[in-house]
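Enquirer: For reference, the structure I am asking about is given below.
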Amino acid sequence: MSTESVRDEKLQVINDAIKENKSNLAEQLLTESPNLLYAKDEDERSPLHWACSMNNIALVEYILSHTPSNIDLDDVRDSSGWTPIHIASSIGNVEILNLLMHRDPIPDVNQTTNSGTTALHLSISKDHLPFVRVLIEEFGANCRKKDKLGYTPLHRAAAMGSMGSCREIITKGKLVNVNAKDNEGWTALHHALAEGNGDVAVLLVKVGKADPLVVNNEGLKPIQVSVDEKVARFFKQSIEQ
């Protein structure tokens, strides 16, 4: 068996132990083979990726405490461009985020995946409000960053119908452009009404000062893409009060 095959087999055993939440075994195996701490599997995921994915705080802490000083977590990317920070954001574990963000060098909280999404986009998509708050208030996550579809975090929050995330972005985010447009010319207000999130749409206008008259690439105002007449009527009456 080649050296590479032996390495791949050992890494598979380590990752299997992590996925099965056998922390003691995983630590023992990593102690025996420290050169595999940041080895990549066929999806280019490292043991740290899997520890974050399994929400295993103790194992994340162990791996980080044994990480060589020359390892930059921004370079620890899988085949989709996800770093451990992205995985923690999708899971919504603030404690893991804090462990990762207190590394030296400090990871870039605004780093994007291959699809252009940031940690903030991902945590909003999973409606992890406490995580969103920490990203914005403690780590200064960029609320203006767009993914490859042109969606800002506010576009995502509005489409999700997340009042909490929308309010957090509007009131705590820096230099937020509430009327930012995606690749189709849609604002967060367009997305909110199209998804039937009338309460979010009202929040965007009354608190965020969103423009209800802005048009998308097809020349349609937000109210014109409302999911139905009931939502459109609710929105119109609410912002006129």
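Naming works like this for the structure tokens: A, B, ... for the chains as they're shown, residue 1 at the start of each chain, ligands 1 onward in shown order.
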Would you mind listing what lies within 9 Å of range 71-83 of chain A as a PyMOL selection string, with only C-alpha atoms counted and same-chain residues fewer than 2 positions away left out?
Expert: chain A and resi 38+40-46+48-49+67-69+85-88+100+103-108+111-115
Enquirer: List as an NGL selection string the protein and nucleic acid residues near Lys145 in chain A, meaning an atom at most 10 Å away when only C-alpha atoms are counted, but skip any in the same chain fewer than 5 places from it.
Expert: :A and (110-112 or 116-118 or 120-121 or 150-154 or 176)
Enquirer: Separation of CA of Cys143 in chain A and CA of Ala188 in chain A, in Å?
Expert: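 Pair CA of Cys143 in chain A / CA of Ala188 in chain A returns 12.6 Å.
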Enquirer: Where does DSSP see alpha helix (DSSP H) in range 10-225 of chain A, if you list the residues as number ranges by chain?
Expert: A: 10-19, 23-32, 47-53, 57-65, 84-91, 94-101, 119-125, 129-137, 153-160, 163-172, 188-194, 198-206
Enquirer: Contacts of range 13-24 of chain A at 8 Å or less, counting only C-alpha atoms, minus same-chain residues fewer than 2 places along, as a ChimeraX atom specification?
Expert: /A:9-11,26-30,47,50-51,54,56,58-59
Enquirer: What gap, in Å, lies between CA of Ala119 in chain A and CA of Ala194 in chain A?
Expert: 24.7 Å
